[in-house]
Amino acid sequence: MMTLKDLEKVQKTFFEAGQDYQLELESGKIIIVGPSDIVSSEIGIRLSAFLFVWVNPRRLGRIFDSAGGFILPDANLTAPDVSFVRAGRIGQSPRYFAELVPDLVVEIKSQSDRIKPLEKRF
C-alpha cells in the first residue's frame, strides 16, 4: 500500500527524468492522470473563469484548477479539474497540498474517461 511519501518520491523521480506526470493517490494506489482532450480543457478553463468572476469580488473563497492537490480524510490525494473552497476554510495557500475536502468538486469527463472510474473517485 503506497503512502503520500511514496507518491512524492515517485513524482520526484519522474521529474528528475524529465517526465511531468500528474499523480494521484487512491486507496493506496498511485494513479497517473493523463492530459485532457482539448474540448475538456476548454470547458475547465471556462468554468474556472466563470466561478472566479463570481467568487473573487465577493470574497467567497478560492478557486483551484487541476494542478491543486487535496489530501482527503481517507489519505487519498486528488486533484479535481475545478474546485472551490469557502472563505475561512483555507488561509494563506500552503506550498503543499491542502488537507481538506473542497466545498465544490468538478470533474470534467474527457473523451477517454469512463463513467464508473470517475464515479468511484468522488
# chains A, B, ... in the order shown; residues from 1 in each chain; ligands from 1
$ select_by_dssp --residues "region 68-122 of chain A" --states "strand (DSSP E or B)" --output "ChimeraX atom specification"
/A:70-71,77-78,82-86,98,104-106
$ residues_around --residues "Gly34 (chain A)" --least-positions-apart "6" --cutoff "12 Å" --atoms "only C-alpha atoms" --output "ChimeraX atom specification"
/A:20-24,66,110-113
$ residues_around --residues "Gly44 (chain A)" --least-positions-apart "6" --cutoff "9 Å" --atoms "only C-alpha atoms" --output "list in words"
Asp65, Ser66, Asp81, Val82, Val106, Glu107 and Ile108 of chain A
$ closest_atom_pairs --of "region 44-81 of chain A" --to "region 85-90 of chain A" --cutoff "9 Å" --atoms "only C-alpha atoms" --output "JSON lines"
{"residue": "A:Arg59", "atom": "CA", "partner": "A:Ala87", "partner_atom": "CA", "distance": 6.9}
{"residue": "A:Leu60", "atom": "CA", "partner": "A:Ala87", "partner_atom": "CA", "distance": 5.3}
{"residue": "A:Gly61", "atom": "CA", "partner": "A:Ala87", "partner_atom": "CA", "distance": 3.8}
{"residue": "A:Arg62", "atom": "CA", "partner": "A:Val85", "partner_atom": "CA", "distance": 5.3}
{"residue": "A:Ile63", "atom": "CA", "partner": "A:Val85", "partner_atom": "CA", "distance": 6.7}
{"residue": "A:Phe64", "atom": "CA", "partner": "A:Val85", "partner_atom": "CA", "distance": 8.3}
$ closest_residue --among "A:Leu4, A:Leu47, A:Val10, A:Arg114" --to "Glu99 (chain A)" --atoms "only C-alpha atoms"
A:Leu4
$ closest_residue --among "A:Lys29, A:Lys109, A:Lys116, A:Arg95" --to "Ser41 (chain A)" --atoms "only C-alpha atoms"
A:Lys109
